[in-house]
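For reference, the structure is listed below as structure tokens.
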Amino acid sequence: NAGVTQTPKFQVLKTGQSMTLQCAQDMNHNSMYWYRQDPGMGLRLIYYSASEGTTDKGEVPNGYNVSRLNKREFSLRLESAAPSQTSVYFCASRDPGGGANYGYTFGSGTRLTVV
Amino acid sequence: AQRVTQPEKLLSVFKGAPVELKCNYSYSGSPELFWYVQYSRQRLQLLLRHISRESIKGFTADLNKGETSFHLKKPFAQEEDSAMYYCAPSLLGNFNKFYFGSGTKLNVKP
């Protein structure tokens, strides 16, 4: 049981380049999330998908797009990377079917540097 | 706006000392409340959730609705408790979405 898998683990981009961060979960969770983690700011929600076929903005969606490809996969795309997007990105999933009792399962993170 | 505050960026204690990591949230009502922990070079993981009244690794957290706080406590800190700790209340009315505090780094000294 792999849980939440993110790829790649590390990436360096030049300003203006694009890339897609991949996330897949094998727990049959309905909800999936993308967060960024910056020093002193904790985790900030970028986008989330409450269920397959739906996506919603979080706190800091500008400069990002997402795709909920199917129940398992939720990708995050940077169309034109900027140095301000240098961060560690975490994907998470959650099964809200049991109500509010359930917390997140996180991926191992992607460390992205934009130069 | 709904906010969660962890006032201490860094908390250093000696092994065996009690530890309390503070978390305050700015909205009323009954959000669901969680604490997450991130050990060095590891992924974030759920530590405990309020609704379960759990004690995990000796940690407990008490919800104080009057003070809108959900502080994490442990009576005797261990070196292996050194990590980043994040408080995460759910968004009121939307239990699908959780906002995280900025985190407290706990350093337990030998």
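Just so we're on the same page: first chain in the structure tokens is A, next is B, and so on; residues restart at 1 for each chain, and ligands are numbered from 1 in the order they show up.
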
I need the contact residues of chain A against chain B, so if you could list those with any atom within 12 Å, counting only C-alpha atoms, and return them as a PyMOL selection string, that would help. chain A and resi 3-6+9+29-51+55-60+88-111

Selection above as a file: C-alpha atoms, as an mmCIF file, in the first residue's frame:
data_model
loop_
_atom_site.group_PDB
_atom_site.id
_atom_site.type_symbol
_atom_site.label_atom_id
_atom_site.label_comp_id
_atom_site.auth_asym_id
_atom_site.auth_seq_id
_atom_site.Cartn_x
_atom_site.Cartn_y
_atom_site.Cartn_z
ATOM 1 C CA GLY A 3 -0.462 5.690 0.065
ATOM 2 C CA VAL A 4 0.187 8.996 -1.728
ATOM 3 C CA THR A 5 2.925 9.083 -4.340
ATOM 4 C CA GLN A 6 4.359 12.288 -5.753
ATOM 5 C CA LYS A 9 10.926 14.520 -5.751
ATOM 6 C CA HIS A 29 -9.971 8.600 -1.209
ATOM 7 C CA ASN A 30 -12.440 11.054 -2.638
ATOM 8 C CA SER A 31 -10.643 14.286 -1.775
ATOM 9 C CA MET A 32 -7.201 15.390 -2.905
ATOM 10 C CA TYR A 33 -5.196 18.525 -2.192
ATOM 11 C CA TRP A 34 -2.129 20.474 -3.189
ATOM 12 C CA TYR A 35 -0.261 22.522 -0.600
ATOM 13 C CA ARG A 36 2.940 24.500 -0.716
ATOM 14 C CA GLN A 37 5.233 24.758 2.270
ATOM 15 C CA ASP A 38 7.380 27.828 2.753
ATOM 16 C CA PRO A 39 9.599 28.715 5.715
ATOM 17 C CA GLY A 40 7.729 30.709 8.322
ATOM 18 C CA MET A 41 4.430 30.355 6.499
ATOM 19 C CA GLY A 42 3.546 26.750 7.088
ATOM 20 C CA LEU A 43 1.385 24.997 4.567
ATOM 21 C CA ARG A 44 -0.883 26.939 2.278
ATOM 22 C CA LEU A 45 -3.620 25.346 0.236
ATOM 23 C CA ILE A 46 -3.262 25.873 -3.498
ATOM 24 C CA TYR A 47 -6.135 23.839 -4.922
ATOM 25 C CA TYR A 48 -8.244 20.958 -3.829
ATOM 26 C CA SER A 49 -10.616 18.452 -5.346
ATOM 27 C CA ALA A 50 -13.428 17.334 -3.110
ATOM 28 C CA SER A 51 -14.331 14.526 -5.475
ATOM 29 C CA THR A 55 -11.712 21.293 -8.305
ATOM 30 C CA ASP A 56 -11.672 24.433 -6.178
ATOM 31 C CA LYS A 57 -9.236 27.175 -5.367
ATOM 32 C CA GLY A 58 -7.499 27.390 -2.048
ATOM 33 C CA GLU A 59 -5.572 30.270 -0.498
ATOM 34 C CA VAL A 60 -2.874 30.727 -3.141
ATOM 35 C CA VAL A 88 8.116 22.368 -1.334
ATOM 36 C CA TYR A 89 4.850 21.034 -2.719
ATOM 37 C CA PHE A 90 2.793 18.444 -0.923
ATOM 38 C CA CYS A 91 -0.062 16.428 -2.247
ATOM 39 C CA ALA A 92 -2.535 14.949 0.212
ATOM 40 C CA SER A 93 -5.663 12.896 0.136
ATOM 41 C CA ARG A 94 -8.495 12.358 2.535
ATOM 42 C CA ASP A 95 -11.623 10.296 2.727
ATOM 43 C CA PRO A 96 -14.377 12.513 4.113
ATOM 44 C CA GLY A 97 -16.871 9.715 3.856
ATOM 45 C CA GLY A 98 -16.538 9.101 7.555
ATOM 46 C CA GLY A 99 -17.236 12.717 8.353
ATOM 47 C CA ALA A 100 -14.806 15.198 9.776
ATOM 48 C CA ASN A 101 -12.920 12.564 11.731
ATOM 49 C CA TYR A 102 -10.385 11.811 9.086
ATOM 50 C CA GLY A 103 -7.142 13.610 8.575
ATOM 51 C CA TYR A 104 -4.896 13.840 5.564
ATOM 52 C CA THR A 105 -2.439 11.345 4.185
ATOM 53 C CA PHE A 106 0.469 13.224 2.677
ATOM 54 C CA GLY A 107 2.909 12.490 -0.080
ATOM 55 C CA SER A 108 6.631 12.861 0.448
ATOM 56 C CA GLY A 109 6.791 16.230 -1.280
ATOM 57 C CA THR A 110 8.385 17.801 -4.326
ATOM 58 C CA ARG A 111 11.143 20.329 -3.796
#

Taking the DSSP assignment computed from this structure's backbone, write out as a PyMOL selection string all residues of segment 29-104 of chain A that belong to helix (DSSP H, G or I). chain A and resi 83-85+96-98

If you count only C-alpha atoms, which residues fall within 7 Å of His71 of chain B, apart from same-chain ones fewer than 3 positions away, as a PDB file with all heavy atoms, in the first residue's frame?
ATOM      1  N   GLU B  20       4.372  22.393  25.779  1.00  0.00           N
ATOM      2  CA  GLU B  20       3.050  22.812  25.317  1.00  0.00           C
ATOM      3  C   GLU B  20       3.225  23.622  24.043  1.00  0.00           C
ATOM      4  O   GLU B  20       3.900  24.658  24.045  1.00  0.00           O
ATOM      5  CB  GLU B  20       2.325  23.648  26.371  1.00  0.00           C
ATOM      6  CG  GLU B  20       0.940  24.083  25.908  1.00  0.00           C
ATOM      7  CD  GLU B  20       0.201  24.909  26.950  1.00  0.00           C
ATOM      8  OE1 GLU B  20       0.667  26.025  27.247  1.00  0.00           O
ATOM      9  OE2 GLU B  20      -0.841  24.442  27.462  1.00  0.00           O
ATOM     10  N   LEU B  21       2.651  23.162  22.981  1.00  0.00           N
ATOM     11  CA  LEU B  21       2.686  23.878  21.717  1.00  0.00           C
ATOM     12  C   LEU B  21       1.316  24.522  21.526  1.00  0.00           C
ATOM     13  O   LEU B  21       0.297  23.833  21.506  1.00  0.00           O
ATOM     14  CB  LEU B  21       3.002  22.949  20.547  1.00  0.00           C
ATOM     15  CG  LEU B  21       4.424  22.403  20.488  1.00  0.00           C
ATOM     16  CD1 LEU B  21       4.550  21.152  21.321  1.00  0.00           C
ATOM     17  CD2 LEU B  21       4.821  22.108  19.056  1.00  0.00           C
ATOM     18  N   LYS B  22       1.326  25.835  21.352  1.00  0.00           N
ATOM     19  CA  LYS B  22       0.075  26.572  21.339  1.00  0.00           C
ATOM     20  C   LYS B  22      -0.536  26.665  19.949  1.00  0.00           C
ATOM     21  O   LYS B  22       0.168  26.773  18.946  1.00  0.00           O
ATOM     22  CB  LYS B  22       0.288  27.976  21.915  1.00  0.00           C
ATOM     23  CG  LYS B  22       0.640  27.982  23.401  1.00  0.00           C
ATOM     24  CD  LYS B  22       0.768  29.395  23.922  1.00  0.00           C
ATOM     25  CE  LYS B  22       0.846  29.441  25.438  1.00  0.00           C
ATOM     26  NZ  LYS B  22       1.936  28.629  25.995  1.00  0.00           N
ATOM     27  N   CYS B  23      -1.852  26.624  19.944  1.00  0.00           N
ATOM     28  CA  CYS B  23      -2.607  26.809  18.711  1.00  0.00           C
ATOM     29  C   CYS B  23      -3.893  27.551  19.062  1.00  0.00           C
ATOM     30  O   CYS B  23      -4.647  27.114  19.934  1.00  0.00           O
ATOM     31  CB  CYS B  23      -2.948  25.473  18.068  1.00  0.00           C
ATOM     32  SG  CYS B  23      -4.056  25.603  16.645  1.00  0.00           S
ATOM     33  N   ALA B  61      -4.184  16.788  23.335  1.00  0.00           N
ATOM     34  CA  ALA B  61      -4.583  18.147  22.960  1.00  0.00           C
ATOM     35  C   ALA B  61      -5.983  18.400  23.473  1.00  0.00           C
ATOM     36  O   ALA B  61      -6.877  17.579  23.278  1.00  0.00           O
ATOM     37  CB  ALA B  61      -4.527  18.339  21.447  1.00  0.00           C
ATOM     38  N   ASP B  62      -6.143  19.513  24.129  1.00  0.00           N
ATOM     39  CA  ASP B  62      -7.434  19.873  24.700  1.00  0.00           C
ATOM     40  C   ASP B  62      -8.029  21.052  23.960  1.00  0.00           C
ATOM     41  O   ASP B  62      -7.372  22.074  23.751  1.00  0.00           O
ATOM     42  CB  ASP B  62      -7.269  20.238  26.179  1.00  0.00           C
ATOM     43  CG  ASP B  62      -6.867  19.037  27.001  1.00  0.00           C
ATOM     44  OD1 ASP B  62      -7.370  17.930  26.707  1.00  0.00           O
ATOM     45  OD2 ASP B  62      -6.045  19.207  27.910  1.00  0.00           O
TER      46      ASP B  62
END

Please list as a PyMOL selection string every residue within 8 Å of segment 67-70 of chain A, counting only C-alpha atoms and excluding residues in the same chain fewer than 4 positions away. chain A and resi 49+52-55+74-76

Go ahead and save the residues from that selection, with all heavy atoms, as a compact mmCIF listing (two decimals), in the first residue's frame.
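This is the output file again_39.txt:
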# COMPACT_ATOMS: atom_id res chain seq x y z
N SER A 49 -9.57 19.13 -4.59
CA SER A 49 -10.62 18.45 -5.35
C SER A 49 -11.41 17.61 -4.36
O SER A 49 -10.90 16.61 -3.84
CB SER A 49 -9.99 17.57 -6.42
OG SER A 49 -10.96 16.74 -7.02
N GLU A 52 -13.94 13.38 -7.54
CA GLU A 52 -13.58 13.27 -8.95
C GLU A 52 -14.47 14.18 -9.78
O GLU A 52 -15.68 14.21 -9.60
CB GLU A 52 -13.75 11.82 -9.39
CG GLU A 52 -13.30 11.54 -10.79
CD GLU A 52 -13.48 10.07 -11.16
OE1 GLU A 52 -13.90 9.29 -10.28
OE2 GLU A 52 -13.22 9.73 -12.32
N GLY A 53 -13.84 14.97 -10.64
CA GLY A 53 -14.59 15.86 -11.50
C GLY A 53 -14.77 17.26 -10.97
O GLY A 53 -15.31 18.13 -11.66
N THR A 54 -14.33 17.52 -9.76
CA THR A 54 -14.47 18.87 -9.19
C THR A 54 -13.12 19.36 -8.70
O THR A 54 -12.30 18.59 -8.18
CB THR A 54 -15.44 18.90 -8.01
OG1 THR A 54 -14.89 18.18 -6.91
CG2 THR A 54 -16.78 18.29 -8.37
N THR A 55 -12.89 20.66 -8.87
CA THR A 55 -11.71 21.29 -8.30
C THR A 55 -12.09 22.67 -7.78
O THR A 55 -13.02 23.29 -8.32
CB THR A 55 -10.57 21.45 -9.32
OG1 THR A 55 -11.02 22.26 -10.41
CG2 THR A 55 -10.11 20.10 -9.86
N PHE A 74 -4.23 13.49 -9.23
CA PHE A 74 -4.50 14.91 -9.13
C PHE A 74 -3.20 15.64 -9.41
O PHE A 74 -2.26 15.57 -8.63
CB PHE A 74 -5.00 15.22 -7.71
CG PHE A 74 -5.50 16.62 -7.49
CD1 PHE A 74 -6.27 17.27 -8.45
CD2 PHE A 74 -5.24 17.28 -6.30
CE1 PHE A 74 -6.76 18.55 -8.23
CE2 PHE A 74 -5.73 18.57 -6.07
CZ PHE A 74 -6.47 19.20 -7.03
N SER A 75 -3.14 16.31 -10.56
CA SER A 75 -1.89 16.94 -10.97
C SER A 75 -1.94 18.44 -10.80
O SER A 75 -3.00 19.07 -10.85
CB SER A 75 -1.57 16.58 -12.43
OG SER A 75 -2.59 17.08 -13.28
N LEU A 76 -0.76 19.00 -10.60
CA LEU A 76 -0.60 20.45 -10.42
C LEU A 76 0.32 20.96 -11.50
O LEU A 76 1.43 20.45 -11.67
CB LEU A 76 0.00 20.76 -9.04
CG LEU A 76 0.28 22.22 -8.72
CD1 LEU A 76 -1.03 22.97 -8.48
CD2 LEU A 76 1.17 22.34 -7.48

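Between atom CA of Lys105 of chain B and atom CA of Phe10 of chain A the interatomic distance comes to 23.6 Å.
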
Looking only at the backbone, which of the residues in chain B does DSSP tag as strand (DSSP E), as number ranges by chain? B: 4-5, 10-14, 19-21, 24-25, 33-38, 45-49, 60-64, 69-74, 83-91, 94-98, 104-109

Expressed in Å to a single decimal, how great is the separation between atom CA of Phe70 of chain B and atom CA of Val108 of chain B?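 Straight-line distance from atom CA of Phe70 of chain B to atom CA of Val108 of chain B works out to 21.1 Å.
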
Computed interatomic separation between atom CA of Pro8 of chain A and atom CA of Ser40 of chain B (Å):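 Distance reported for this atom pair: 19.4 Å.
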
Go through B:Arg53, B:Pro89, B:Leu106, B:Asp81 and flag the residue nearest Leu11 of chain B, using only C-alpha atoms for the distances.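 Looking only at the distances to Leu11 of chain B, the closest residue turns out to be B:Leu106.
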
Counting only C-alpha atoms, what is within 8 Å of Leu13 of chain A, bar same-chain residues fewer than 2 positions away, as a PyMOL selection string? chain A and resi 11+15+17-18+81+112-115

Could you take the residues named above and write them with N, CA and C atoms, as an mmCIF file, in the first residue's frame?
data_model
loop_
_atom_site.group_PDB
_atom_site.id
_atom_site.type_symbol
_atom_site.label_atom_id
_atom_site.label_comp_id
_atom_site.auth_asym_id
_atom_site.auth_seq_id
_atom_site.Cartn_x
_atom_site.Cartn_y
_atom_site.Cartn_z
ATOM 1 N N GLN A 11 13.082 19.164 -8.497
ATOM 2 C CA GLN A 11 13.036 19.746 -9.832
ATOM 3 C C GLN A 11 13.599 21.158 -9.789
ATOM 4 N N THR A 15 12.997 30.302 -14.991
ATOM 5 C CA THR A 15 11.845 31.189 -15.044
ATOM 6 C C THR A 15 11.182 31.107 -16.415
ATOM 7 N N GLN A 17 9.580 28.477 -17.610
ATOM 8 C CA GLN A 17 9.324 27.100 -18.011
ATOM 9 C C GLN A 17 8.044 26.589 -17.363
ATOM 10 N N SER A 18 7.522 25.524 -17.939
ATOM 11 C CA SER A 18 6.322 24.913 -17.386
ATOM 12 C C SER A 18 6.639 23.505 -16.921
ATOM 13 N N ALA A 81 6.720 29.208 -14.807
ATOM 14 C CA ALA A 81 7.273 29.231 -13.447
ATOM 15 C C ALA A 81 7.941 30.567 -13.118
ATOM 16 N N LEU A 112 10.813 22.132 -5.356
ATOM 17 C CA LEU A 112 10.928 22.830 -6.633
ATOM 18 C C LEU A 112 11.711 24.119 -6.448
ATOM 19 N N THR A 113 12.697 24.301 -7.299
ATOM 20 C CA THR A 113 13.476 25.542 -7.308
ATOM 21 C C THR A 113 13.332 26.190 -8.678
ATOM 22 N N VAL A 114 12.969 27.451 -8.687
ATOM 23 C CA VAL A 114 12.845 28.196 -9.946
ATOM 24 C C VAL A 114 13.931 29.266 -9.954
ATOM 25 N N VAL A 115 14.790 29.190 -10.960
ATOM 26 C CA VAL A 115 15.922 30.119 -11.012
ATOM 27 C C VAL A 115 15.750 31.135 -12.148
#
